[in-house]
There are 2 protein chains.
Amino acid sequence: MPENQDFDLIDFLPYLLNQAAEESSLAFHQVYKARYGMLRTEWRVLFHLGRYGALTAKDIGARAKMHKTKISRAVAALERRRFLTRTRDQRDKRLEILNLTSAGRAVYADLHDVARSYHQTLVVLFPPEDAERLRMMLRQLAKIS
Amino acid sequence: MPENQDFDLIDFLPYLLNQAAEESSLAFHQVYKARYGMLRTEWRVLFHLGRYGALTAKDIGARAKMHKTKISRAVAALERRRFLTRTRDQRDKRLEILNLTSAGRAVYADLHDVARSYHQTLVVLFPPEDAERLRMMLRQLAKIS
DNA sequence: TGTTGTTAGTTACAAAATCAACTATTACGC
DNA sequence: GCGTAATAGTTGATTTTGTAACTAACAACA
C-alpha cells in the first residue's frame, strides 16, 4: 500500500499479521491439542525448553514475551503430565530451573517434526528468497517493542 | 531457514508470525483501549463497519474470520456505547443490519488516522518493494485455511 | 399446509487469560 | 547486622473467550 494519502485499513500491517498468524497457527494448534491435550502456552514453554535446554520461568518469559502467570500455570500443567521437572537453584532459592523429562523431550521431538513439515507446506508458497526476506522482516517486527 | 535437514523452531513461520503480530499490535491496542475502552474484538467490528459500510454480523464473521459469539458480544458493547445501531432486515427478519452512528464514524476516523501513522512507522523499516512483498505474502498466508 | 432442516443471532456454562495481591528470597543502603 | 526495596514465582478474583444449547425465522419439499 503506497505510503501516500489513501491508506486502506485492510493493509494495516498489524491486522495482516494477525490474520496470517491466526490462520497459519490453526493447523499446528490442532495437532498439539489433539495429540497431547496441550494449550498454546504449554506448547510454548515446552518449545523453549526443548530448544534452549534448562531455563527458569523468568528466562522463558523474557524470550517468549509471556507473562509470568501464564508461564507459572503452563509449567504446573506440564509438570503434572511429567513433561518437565523443577529444581530449586541453590545459589538463588527464588529460582526454579526447569528441565524436560525424557517424556517431555519425546513430545518435543515429535512436535518439532510436525512443525518442520508444516513449515514446509507454508514456505513452498513463496520463492526461496522471498521466504527468507519474510523471515527477516518478521524477526525485525518481533523486536520492535 | 534452508528447507533442508536442520530446521530450527525459532524460524517456524507460525511462531514468527505470532511474535510479530503480537508485538506490532501492542502499541495500537493501547490506543483504542485507552482512548475508547475497546477490546480487540470491538475494534475489529468497528473497523469492518467503518471500512465497508452497513453489514450484518454474519458478513463481519466471514470477512474477519471471527466467531459469531465474539461478534455478538462486540456488537452489544458497541451498541451500548452508541457507536452503532441495529436494523432488522425486513426481507429476512433473522438478519440485523449494523450501521455506525456518527459517534461511531468519528471513532473510526480517529483510529484510522492513528493506524495510518502507526503503519508508517512500521513500514519504513523496509524498502518499499519489500514492504509490498510482505503485504502480498501475509495476504496469501491469511487465505490458507 | 405441515414437517424437517438450515441459518442468524443470543445466552449459559466452562475454560482460559488478565490483573492484583501475596509469599519467599535476595539485594541494597545505612 | 537491620530495614527497605526489588525479584521469582504462586494464587485468587475478575474478565474474556470458547463450546454448546437455545430461539426465531426462513427454505425445501412432500
# chains A, B, ... in the order shown; residues from 1 in each chain; ligands from 1
>>> interface_residues(of="chain D", to="chain A", cutoff="10 Å", atoms="only C-alpha atoms (C1' of nucleotides)", output="number ranges by chain")
D: 7-11
>>> select_by_dssp(residues="region 40-121 of chain B", states="strand (DSSP E)", output="PyMOL selection string")
chain B and resi 55-56+84-88+96-100
>>> interface_residues(of="chain C", to="chain B", cutoff="8 Å", atoms="only C-alpha atoms (C1' of nucleotides)", output="list of chain:residue names")
C:DA8, C:DG9, C:DT10
>>> write_last_selection(atoms="C-alpha atoms (C1' of nucleotides)", output="PDB file, in the first residue's frame")
ATOM      1  C1'  DA C   8     -28.711 -15.625  12.200  1.00  0.00           C
ATOM      2  C1'  DG C   9     -28.021 -14.443  16.388  1.00  0.00           C
ATOM      3  C1'  DT C  10     -28.138 -14.898  21.701  1.00  0.00           C
TER       4       DT C  10
END
>>> residues_around(residues="region 31-33 of chain A", least_positions_apart="2", cutoff="12 Å", atoms="only C-alpha atoms (C1' of nucleotides)", output="MDAnalysis selection string")
chainID A and resid 25:29 35:44 46:47 107:108 110:115 118
>>> write_last_selection(atoms="N, CA, C and O atoms", output="JSON list (two decimals), in the first residue's frame")
[["chain", "number", "residue", "atom", "x", "y", "z"],
["A", 25, "SER", "N", -1.47, -20.63, 12.32],
["A", 25, "SER", "CA", -1.24, -21.37, 13.57],
["A", 25, "SER", "C", -2.25, -22.49, 13.76],
["A", 25, "SER", "O", -2.00, -23.46, 14.47],
["A", 26, "LEU", "N", -3.39, -22.33, 13.10],
["A", 26, "LEU", "CA", -4.52, -23.20, 13.37],
["A", 26, "LEU", "C", -4.20, -24.68, 13.23],
["A", 26, "LEU", "O", -4.42, -25.47, 14.16],
["A", 27, "ALA", "N", -3.68, -25.06, 12.09],
["A", 27, "ALA", "CA", -3.45, -26.48, 11.81],
["A", 27, "ALA", "C", -2.49, -27.10, 12.82],
["A", 27, "ALA", "O", -2.70, -28.22, 13.29],
["A", 28, "PHE", "N", -1.46, -26.34, 13.16],
["A", 28, "PHE", "CA", -0.49, -26.87, 14.11],
["A", 28, "PHE", "C", -1.09, -26.97, 15.51],
["A", 28, "PHE", "O", -0.88, -27.94, 16.24],
["A", 29, "HIS", "N", -1.86, -25.96, 15.85],
["A", 29, "HIS", "CA", -2.57, -25.96, 17.12],
["A", 29, "HIS", "C", -3.41, -27.23, 17.30],
["A", 29, "HIS", "O", -3.41, -27.85, 18.37],
["A", 35, "ARG", "N", -3.14, -34.27, 20.08],
["A", 35, "ARG", "CA", -2.19, -35.33, 20.38],
["A", 35, "ARG", "C", -1.77, -35.35, 21.84],
["A", 35, "ARG", "O", -1.56, -36.41, 22.41],
["A", 36, "TYR", "N", -1.64, -34.17, 22.45],
["A", 36, "TYR", "CA", -1.15, -34.12, 23.82],
["A", 36, "TYR", "C", -2.02, -33.29, 24.76],
["A", 36, "TYR", "O", -1.66, -33.06, 25.91],
["A", 37, "GLY", "N", -3.15, -32.83, 24.27],
["A", 37, "GLY", "CA", -4.03, -32.02, 25.12],
["A", 37, "GLY", "C", -3.36, -30.77, 25.64],
["A", 37, "GLY", "O", -3.67, -30.31, 26.73],
["A", 38, "MET", "N", -2.44, -30.21, 24.87],
["A", 38, "MET", "CA", -1.72, -29.04, 25.35],
["A", 38, "MET", "C", -2.36, -27.74, 24.86],
["A", 38, "MET", "O", -2.91, -27.67, 23.77],
["A", 39, "LEU", "N", -2.23, -26.71, 25.70],
["A", 39, "LEU", "CA", -2.62, -25.36, 25.33],
["A", 39, "LEU", "C", -1.45, -24.69, 24.63],
["A", 39, "LEU", "O", -0.31, -25.15, 24.70],
["A", 40, "ARG", "N", -1.74, -23.53, 24.05],
["A", 40, "ARG", "CA", -0.69, -22.81, 23.36],
["A", 40, "ARG", "C", 0.42, -22.38, 24.32],
["A", 40, "ARG", "O", 1.60, -22.47, 23.98],
["A", 41, "THR", "N", 0.02, -21.95, 25.51],
["A", 41, "THR", "CA", 1.03, -21.54, 26.48],
["A", 41, "THR", "C", 1.94, -22.73, 26.84],
["A", 41, "THR", "O", 3.14, -22.57, 27.01],
["A", 42, "GLU", "N", 1.32, -23.90, 26.96],
["A", 42, "GLU", "CA", 2.10, -25.08, 27.34],
["A", 42, "GLU", "C", 3.05, -25.48, 26.22],
["A", 42, "GLU", "O", 4.22, -25.78, 26.46],
["A", 43, "TRP", "N", 2.53, -25.45, 25.00],
["A", 43, "TRP", "CA", 3.39, -25.73, 23.85],
["A", 43, "TRP", "C", 4.58, -24.78, 23.82],
["A", 43, "TRP", "O", 5.71, -25.18, 23.60],
["A", 44, "ARG", "N", 4.32, -23.54, 24.09],
["A", 44, "ARG", "CA", 5.39, -22.56, 24.01],
["A", 44, "ARG", "C", 6.48, -22.80, 25.04],
["A", 44, "ARG", "O", 7.67, -22.68, 24.76],
["A", 46, "LEU", "N", 7.16, -25.65, 26.50],
["A", 46, "LEU", "CA", 7.85, -26.88, 26.09],
["A", 46, "LEU", "C", 8.83, -26.60, 24.96],
["A", 46, "LEU", "O", 9.97, -27.08, 24.95],
["A", 47, "PHE", "N", 8.39, -25.81, 24.04],
["A", 47, "PHE", "CA", 9.21, -25.46, 22.89],
["A", 47, "PHE", "C", 10.50, -24.76, 23.33],
["A", 47, "PHE", "O", 11.61, -25.12, 22.89],
["A", 107, "VAL", "N", 8.03, -35.65, 23.33],
["A", 107, "VAL", "CA", 6.95, -34.80, 22.81],
["A", 107, "VAL", "C", 7.54, -33.68, 21.96],
["A", 107, "VAL", "O", 7.08, -33.39, 20.86],
["A", 108, "TYR", "N", 8.59, -33.09, 22.49],
["A", 108, "TYR", "CA", 9.25, -32.01, 21.75],
["A", 108, "TYR", "C", 9.73, -32.51, 20.38],
["A", 108, "TYR", "O", 9.50, -31.86, 19.36],
["A", 110, "ASP", "N", 8.68, -35.00, 18.65],
["A", 110, "ASP", "CA", 7.53, -35.28, 17.78],
["A", 110, "ASP", "C", 6.98, -33.99, 17.19],
["A", 110, "ASP", "O", 6.79, -33.87, 15.97],
["A", 111, "LEU", "N", 6.77, -33.00, 18.03],
["A", 111, "LEU", "CA", 6.17, -31.75, 17.55],
["A", 111, "LEU", "C", 7.15, -30.97, 16.67],
["A", 111, "LEU", "O", 6.73, -30.27, 15.75],
["A", 112, "HIS", "N", 8.40, -31.12, 16.96],
["A", 112, "HIS", "CA", 9.40, -30.49, 16.10],
["A", 112, "HIS", "C", 9.26, -31.02, 14.67],
["A", 112, "HIS", "O", 9.30, -30.25, 13.70],
["A", 113, "ASP", "N", 9.07, -32.31, 14.56],
["A", 113, "ASP", "CA", 8.90, -32.92, 13.23],
["A", 113, "ASP", "C", 7.64, -32.42, 12.54],
["A", 113, "ASP", "O", 7.65, -32.09, 11.35],
["A", 114, "VAL", "N", 6.55, -32.41, 13.30],
["A", 114, "VAL", "CA", 5.30, -31.91, 12.73],
["A", 114, "VAL", "C", 5.49, -30.48, 12.26],
["A", 114, "VAL", "O", 5.09, -30.11, 11.15],
["A", 115, "ALA", "N", 6.13, -29.67, 13.09],
["A", 115, "ALA", "CA", 6.35, -28.26, 12.75],
["A", 115, "ALA", "C", 7.18, -28.14, 11.49],
["A", 115, "ALA", "O", 6.88, -27.34, 10.61],
["A", 118, "TYR", "N", 5.09, -29.00, 8.50],
["A", 118, "TYR", "CA", 4.06, -27.99, 8.29],
["A", 118, "TYR", "C", 4.67, -26.70, 7.78],
["A", 118, "TYR", "O", 4.14, -26.06, 6.86]]
>>> atom_distance(atom1="CA of Leu98 (chain A)", atom2="CA of Ala34 (chain A)")
24.7 Å
>>> interface_residues(of="chain A", to="chain B", cutoff="9 Å", atoms="only C-alpha atoms", output="PyMOL selection string")
chain A and resi 1-3+7-28+47+51+64-65+112+115-116+118-120+122-123+125-126+128+130-135+137-145
>>> residues_around(residues="DG18 (chain D)", least_positions_apart="3", cutoff="12 Å", atoms="only C-alpha atoms (C1' of nucleotides)", output="VMD selection string")
(chain B and resid 66 to 70) or (chain C and resid 13 to 16)
>>> write_last_selection(atoms="all heavy atoms", output="short mmCIF file (atom, residue, chain, number, x, y, z; two decimals), in the first residue's frame")
data_model
loop_
_atom_site.label_atom_id
_atom_site.label_comp_id
_atom_site.auth_asym_id
_atom_site.auth_seq_id
_atom_site.Cartn_x
_atom_site.Cartn_y
_atom_site.Cartn_z
N MET B 66 -14.07 -14.12 12.44
CA MET B 66 -14.35 -14.13 13.88
C MET B 66 -15.58 -15.01 14.12
O MET B 66 -16.51 -15.02 13.32
CB MET B 66 -14.68 -12.71 14.35
CG MET B 66 -13.49 -11.81 14.54
SD MET B 66 -14.05 -10.09 14.80
CE MET B 66 -14.77 -10.19 16.44
N HIS B 67 -15.58 -15.67 15.25
CA HIS B 67 -16.73 -16.50 15.59
C HIS B 67 -17.93 -15.63 15.95
O HIS B 67 -17.78 -14.53 16.48
CB HIS B 67 -16.38 -17.41 16.77
CG HIS B 67 -17.38 -18.51 16.97
ND1 HIS B 67 -18.46 -18.38 17.81
CD2 HIS B 67 -17.48 -19.73 16.42
CE1 HIS B 67 -19.17 -19.49 17.77
NE2 HIS B 67 -18.59 -20.34 16.94
N LYS B 68 -19.12 -16.14 15.67
CA LYS B 68 -20.32 -15.33 15.83
C LYS B 68 -20.58 -14.89 17.27
O LYS B 68 -21.18 -13.83 17.49
CB LYS B 68 -21.53 -16.05 15.26
CG LYS B 68 -21.84 -17.38 15.90
CD LYS B 68 -23.04 -18.02 15.21
CE LYS B 68 -23.41 -19.35 15.84
NZ LYS B 68 -24.67 -19.88 15.29
N THR B 69 -20.14 -15.67 18.25
CA THR B 69 -20.37 -15.23 19.63
C THR B 69 -19.51 -14.02 19.96
O THR B 69 -19.95 -13.12 20.67
CB THR B 69 -20.10 -16.35 20.64
OG1 THR B 69 -18.73 -16.73 20.55
CG2 THR B 69 -20.98 -17.55 20.40
N LYS B 70 -18.30 -14.01 19.46
CA LYS B 70 -17.44 -12.85 19.68
C LYS B 70 -18.10 -11.62 19.08
O LYS B 70 -18.16 -10.55 19.69
CB LYS B 70 -16.10 -13.05 18.96
CG LYS B 70 -15.00 -13.65 19.79
CD LYS B 70 -13.70 -13.53 19.01
CE LYS B 70 -12.54 -14.21 19.69
NZ LYS B 70 -11.34 -14.21 18.82
P DC C 13 -26.34 -21.66 33.46
OP1 DC C 13 -27.38 -22.52 34.02
OP2 DC C 13 -25.96 -20.38 34.09
"O5'" DC C 13 -25.02 -22.55 33.31
"C5'" DC C 13 -24.97 -23.60 32.33
"C4'" DC C 13 -23.53 -23.85 31.95
"O4'" DC C 13 -23.08 -22.86 30.99
"C3'" DC C 13 -22.54 -23.82 33.12
"O3'" DC C 13 -21.72 -24.97 33.01
"C2'" DC C 13 -21.76 -22.53 32.87
"C1'" DC C 13 -21.75 -22.50 31.35
N1 DC C 13 -21.44 -21.20 30.72
C2 DC C 13 -20.64 -21.20 29.57
O2 DC C 13 -20.24 -22.28 29.13
N3 DC C 13 -20.33 -20.02 28.98
C4 DC C 13 -20.78 -18.87 29.49
N4 DC C 13 -20.45 -17.75 28.87
C5 DC C 13 -21.60 -18.86 30.66
C6 DC C 13 -21.91 -20.02 31.24
P DA C 14 -20.64 -25.37 34.12
OP1 DA C 14 -20.98 -26.71 34.62
OP2 DA C 14 -20.49 -24.22 35.06
"O5'" DA C 14 -19.30 -25.48 33.27
"C5'" DA C 14 -19.29 -26.28 32.07
"C4'" DA C 14 -18.00 -26.05 31.34
"O4'" DA C 14 -18.00 -24.71 30.78
"C3'" DA C 14 -16.75 -26.14 32.21
"O3'" DA C 14 -15.74 -26.82 31.47
"C2'" DA C 14 -16.40 -24.69 32.51
"C1'" DA C 14 -16.85 -24.00 31.23
N9 DA C 14 -17.26 -22.61 31.42
C8 DA C 14 -18.10 -22.10 32.38
N7 DA C 14 -18.29 -20.81 32.30
C5 DA C 14 -17.52 -20.44 31.21
C6 DA C 14 -17.27 -19.20 30.60
N6 DA C 14 -17.82 -18.05 31.03
N1 DA C 14 -16.44 -19.17 29.54
C2 DA C 14 -15.90 -20.32 29.12
N3 DA C 14 -16.05 -21.55 29.60
C4 DA C 14 -16.88 -21.53 30.66
P DA C 15 -14.26 -27.02 32.06
OP1 DA C 15 -13.84 -28.39 31.71
OP2 DA C 15 -14.27 -26.56 33.47
"O5'" DA C 15 -13.39 -25.99 31.21
"C5'" DA C 15 -13.39 -26.07 29.79
"C4'" DA C 15 -12.46 -25.00 29.24
"O4'" DA C 15 -13.02 -23.70 29.48
"C3'" DA C 15 -11.07 -25.01 29.88
"O3'" DA C 15 -10.12 -24.93 28.83
"C2'" DA C 15 -11.06 -23.75 30.77
"C1'" DA C 15 -12.08 -22.86 30.09
N9 DA C 15 -12.84 -22.01 31.01
C8 DA C 15 -13.49 -22.40 32.15
N7 DA C 15 -14.11 -21.42 32.77
C5 DA C 15 -13.85 -20.32 31.97
C6 DA C 15 -14.22 -18.96 32.08
N6 DA C 15 -14.97 -18.49 33.07
N1 DA C 15 -13.79 -18.12 31.12
C2 DA C 15 -13.05 -18.61 30.11
N3 DA C 15 -12.63 -19.85 29.91
C4 DA C 15 -13.07 -20.66 30.88
P DA C 16 -8.56 -24.87 29.17
OP1 DA C 16 -7.86 -25.52 28.05
OP2 DA C 16 -8.35 -25.33 30.56
"O5'" DA C 16 -8.27 -23.31 29.11
"C5'" DA C 16 -8.56 -22.59 27.91
"C4'" DA C 16 -8.25 -21.14 28.12
"O4'" DA C 16 -9.16 -20.59 29.08
"C3'" DA C 16 -6.85 -20.87 28.66
"O3'" DA C 16 -6.18 -20.07 27.71
"C2'" DA C 16 -7.08 -20.16 29.99
"C1'" DA C 16 -8.50 -19.63 29.85
N9 DA C 16 -9.27 -19.50 31.08
C8 DA C 16 -9.55 -20.45 32.00
N7 DA C 16 -10.30 -20.02 33.00
C5 DA C 16 -10.53 -18.70 32.69
C6 DA C 16 -11.27 -17.69 33.34
N6 DA C 16 -11.91 -17.87 34.49
N1 DA C 16 -11.30 -16.48 32.75
C2 DA C 16 -10.64 -16.29 31.59
N3 DA C 16 -9.93 -17.16 30.89
C4 DA C 16 -9.92 -18.35 31.50
#
>>> residues_around(residues="Thr101 (chain B)", least_positions_apart="3", cutoff="7 Å", atoms="only C-alpha atoms (C1' of nucleotides)", output="VMD selection string")
chain B and resid 82 to 85 104 to 105
>>> atom_distance(atom1="C1' of DT18 (chain C)", atom2="C1' of DT19 (chain D)")
21.0 Å
>>> residues_around(residues="DA12 (chain C)", least_positions_apart="6", cutoff="12 Å", atoms="only C-alpha atoms (C1' of nucleotides)", output="PyMOL selection string")
chain D and resi 19-22
>>> write_last_selection(atoms="all heavy atoms", output="PDB file, in the first residue's frame")
ATOM      1  P    DT D  19     -13.691 -23.920  21.149  1.00  0.00           P
ATOM      2  OP1  DT D  19     -12.770 -25.068  21.080  1.00  0.00           O
ATOM      3  OP2  DT D  19     -14.048 -23.160  19.931  1.00  0.00           O
ATOM      4  O5'  DT D  19     -15.042 -24.402  21.844  1.00  0.00           O
ATOM      5  C5'  DT D  19     -14.986 -24.966  23.153  1.00  0.00           C
ATOM      6  C4'  DT D  19     -16.336 -25.566  23.487  1.00  0.00           C
ATOM      7  O4'  DT D  19     -17.191 -24.552  24.054  1.00  0.00           O
ATOM      8  C3'  DT D  19     -17.097 -26.157  22.294  1.00  0.00           C
ATOM      9  O3'  DT D  19     -17.673 -27.384  22.714  1.00  0.00           O
ATOM     10  C2'  DT D  19     -18.144 -25.105  21.972  1.00  0.00           C
ATOM     11  C1'  DT D  19     -18.419 -24.510  23.356  1.00  0.00           C
ATOM     12  N1   DT D  19     -18.854 -23.092  23.356  1.00  0.00           N
ATOM     13  C2   DT D  19     -19.753 -22.675  24.323  1.00  0.00           C
ATOM     14  O2   DT D  19     -20.218 -23.426  25.165  1.00  0.00           O
ATOM     15  N3   DT D  19     -20.092 -21.349  24.262  1.00  0.00           N
ATOM     16  C4   DT D  19     -19.636 -20.423  23.344  1.00  0.00           C
ATOM     17  O4   DT D  19     -20.019 -19.262  23.390  1.00  0.00           O
ATOM     18  C5   DT D  19     -18.691 -20.916  22.369  1.00  0.00           C
ATOM     19  C7   DT D  19     -18.133 -19.985  21.336  1.00  0.00           C
ATOM     20  C6   DT D  19     -18.350 -22.210  22.419  1.00  0.00           C
ATOM     21  P    DA D  20     -18.533 -28.314  21.738  1.00  0.00           P
ATOM     22  OP1  DA D  20     -17.867 -29.618  21.701  1.00  0.00           O
ATOM     23  OP2  DA D  20     -18.816 -27.579  20.488  1.00  0.00           O
ATOM     24  O5'  DA D  20     -19.911 -28.452  22.530  1.00  0.00           O
ATOM     25  C5'  DA D  20     -20.070 -27.758  23.758  1.00  0.00           C
ATOM     26  C4'  DA D  20     -21.532 -27.650  24.117  1.00  0.00           C
ATOM     27  O4'  DA D  20     -21.909 -26.247  24.132  1.00  0.00           O
ATOM     28  C3'  DA D  20     -22.519 -28.311  23.149  1.00  0.00           C
ATOM     29  O3'  DA D  20     -23.638 -28.719  23.911  1.00  0.00           O
ATOM     30  C2'  DA D  20     -22.849 -27.166  22.188  1.00  0.00           C
ATOM     31  C1'  DA D  20     -22.906 -25.999  23.169  1.00  0.00           C
ATOM     32  N9   DA D  20     -22.650 -24.693  22.559  1.00  0.00           N
ATOM     33  C8   DA D  20     -21.883 -24.401  21.463  1.00  0.00           C
ATOM     34  N7   DA D  20     -21.849 -23.124  21.159  1.00  0.00           N
ATOM     35  C5   DA D  20     -22.668 -22.537  22.125  1.00  0.00           C
ATOM     36  C6   DA D  20     -23.045 -21.207  22.352  1.00  0.00           C
ATOM     37  N6   DA D  20     -22.642 -20.191  21.608  1.00  0.00           N
ATOM     38  N1   DA D  20     -23.860 -20.976  23.403  1.00  0.00           N
ATOM     39  C2   DA D  20     -24.258 -21.990  24.163  1.00  0.00           C
ATOM     40  N3   DA D  20     -23.972 -23.290  24.042  1.00  0.00           N
ATOM     41  C4   DA D  20     -23.159 -23.491  22.986  1.00  0.00           C
ATOM     42  P    DA D  21     -24.783 -29.622  23.302  1.00  0.00           P
ATOM     43  OP1  DA D  21     -24.719 -30.907  24.044  1.00  0.00           O
ATOM     44  OP2  DA D  21     -24.718 -29.602  21.819  1.00  0.00           O
ATOM     45  O5'  DA D  21     -26.083 -28.831  23.750  1.00  0.00           O
ATOM     46  C5'  DA D  21     -26.149 -28.324  25.089  1.00  0.00           C
ATOM     47  C4'  DA D  21     -27.102 -27.140  25.126  1.00  0.00           C
ATOM     48  O4'  DA D  21     -26.529 -26.017  24.410  1.00  0.00           O
ATOM     49  C3'  DA D  21     -28.453 -27.426  24.462  1.00  0.00           C
ATOM     50  O3'  DA D  21     -29.482 -26.975  25.338  1.00  0.00           O
ATOM     51  C2'  DA D  21     -28.402 -26.594  23.173  1.00  0.00           C
ATOM     52  C1'  DA D  21     -27.532 -25.425  23.614  1.00  0.00           C
ATOM     53  N9   DA D  21     -26.885 -24.693  22.526  1.00  0.00           N
ATOM     54  C8   DA D  21     -26.158 -25.200  21.483  1.00  0.00           C
ATOM     55  N7   DA D  21     -25.696 -24.290  20.657  1.00  0.00           N
ATOM     56  C5   DA D  21     -26.158 -23.100  21.193  1.00  0.00           C
ATOM     57  C6   DA D  21     -26.020 -21.766  20.791  1.00  0.00           C
ATOM     58  N6   DA D  21     -25.338 -21.385  19.701  1.00  0.00           N
ATOM     59  N1   DA D  21     -26.612 -20.820  21.555  1.00  0.00           N
ATOM     60  C2   DA D  21     -27.295 -21.187  22.638  1.00  0.00           C
ATOM     61  N3   DA D  21     -27.492 -22.416  23.125  1.00  0.00           N
ATOM     62  C4   DA D  21     -26.890 -23.333  22.343  1.00  0.00           C
ATOM     63  P    DC D  22     -30.995 -27.241  25.054  1.00  0.00           P
ATOM     64  OP1  DC D  22     -31.665 -27.419  26.350  1.00  0.00           O
ATOM     65  OP2  DC D  22     -31.056 -28.308  24.019  1.00  0.00           O
ATOM     66  O5'  DC D  22     -31.491 -25.876  24.393  1.00  0.00           O
ATOM     67  C5'  DC D  22     -31.720 -24.766  25.253  1.00  0.00           C
ATOM     68  C4'  DC D  22     -31.863 -23.509  24.429  1.00  0.00           C
ATOM     69  O4'  DC D  22     -30.750 -23.389  23.520  1.00  0.00           O
ATOM     70  C3'  DC D  22     -33.094 -23.473  23.511  1.00  0.00           C
ATOM     71  O3'  DC D  22     -34.159 -22.797  24.183  1.00  0.00           O
ATOM     72  C2'  DC D  22     -32.618 -22.683  22.296  1.00  0.00           C
ATOM     73  C1'  DC D  22     -31.140 -22.454  22.540  1.00  0.00           C
ATOM     74  N1   DC D  22     -30.316 -22.644  21.324  1.00  0.00           N
ATOM     75  C2   DC D  22     -29.898 -21.510  20.637  1.00  0.00           C
ATOM     76  O2   DC D  22     -30.220 -20.397  21.063  1.00  0.00           O
ATOM     77  N3   DC D  22     -29.153 -21.651  19.512  1.00  0.00           N
ATOM     78  C4   DC D  22     -28.818 -22.874  19.088  1.00  0.00           C
ATOM     79  N4   DC D  22     -28.074 -22.967  17.986  1.00  0.00           N
ATOM     80  C5   DC D  22     -29.233 -24.050  19.774  1.00  0.00           C
ATOM     81  C6   DC D  22     -29.979 -23.891  20.878  1.00  0.00           C
TER      82       DC D  22
END
>>> decode(residues="region 122-127 of chain A", atoms="all heavy atoms", output="tab-separated table (two decimals), in the first residue's frame")
chain	number	residue	atom	x	y	z
A	122	LEU	N	3.96	-24.38	4.18
A	122	LEU	CA	3.70	-22.94	4.11
A	122	LEU	C	4.72	-22.25	3.23
A	122	LEU	O	4.39	-21.40	2.40
A	122	LEU	CB	3.73	-22.32	5.51
A	122	LEU	CG	2.63	-22.74	6.47
A	122	LEU	CD1	2.87	-22.13	7.84
A	122	LEU	CD2	1.25	-22.35	5.94
A	123	VAL	N	5.95	-22.64	3.42
A	123	VAL	CA	7.05	-21.91	2.80
A	123	VAL	C	7.13	-22.15	1.29
A	123	VAL	O	7.60	-21.28	0.55
A	123	VAL	CB	8.34	-22.29	3.56
A	123	VAL	CG1	9.40	-22.82	2.64
A	123	VAL	CG2	8.82	-21.09	4.37
A	124	VAL	N	6.63	-23.26	0.84
A	124	VAL	CA	6.69	-23.51	-0.60
A	124	VAL	C	5.73	-22.61	-1.37
A	124	VAL	O	5.74	-22.60	-2.60
A	124	VAL	CB	6.39	-24.98	-0.96
A	124	VAL	CG1	7.49	-25.88	-0.43
A	124	VAL	CG2	5.03	-25.40	-0.48
A	125	LEU	N	4.92	-21.85	-0.65
A	125	LEU	CA	4.06	-20.88	-1.33
A	125	LEU	C	4.87	-19.78	-1.98
A	125	LEU	O	4.40	-19.09	-2.88
A	125	LEU	CB	3.10	-20.23	-0.32
A	125	LEU	CG	2.04	-21.12	0.31
A	125	LEU	CD1	1.35	-20.38	1.45
A	125	LEU	CD2	1.02	-21.55	-0.74
A	126	PHE	N	6.11	-19.59	-1.52
A	126	PHE	CA	6.91	-18.46	-1.98
A	126	PHE	C	8.24	-18.91	-2.56
A	126	PHE	O	8.77	-19.94	-2.17
A	126	PHE	CB	7.19	-17.51	-0.80
A	126	PHE	CG	5.99	-17.22	0.05
A	126	PHE	CD1	5.96	-17.62	1.37
A	126	PHE	CD2	4.89	-16.57	-0.49
A	126	PHE	CE1	4.84	-17.36	2.16
A	126	PHE	CE2	3.77	-16.31	0.30
A	126	PHE	CZ	3.75	-16.71	1.62
A	127	PRO	N	8.77	-18.09	-3.44
A	127	PRO	CA	10.13	-18.34	-3.91
A	127	PRO	C	11.09	-18.24	-2.72
A	127	PRO	O	10.85	-17.43	-1.82
A	127	PRO	CB	10.41	-17.20	-4.89
A	127	PRO	CG	9.13	-16.50	-5.12
A	127	PRO	CD	8.17	-16.90	-4.06
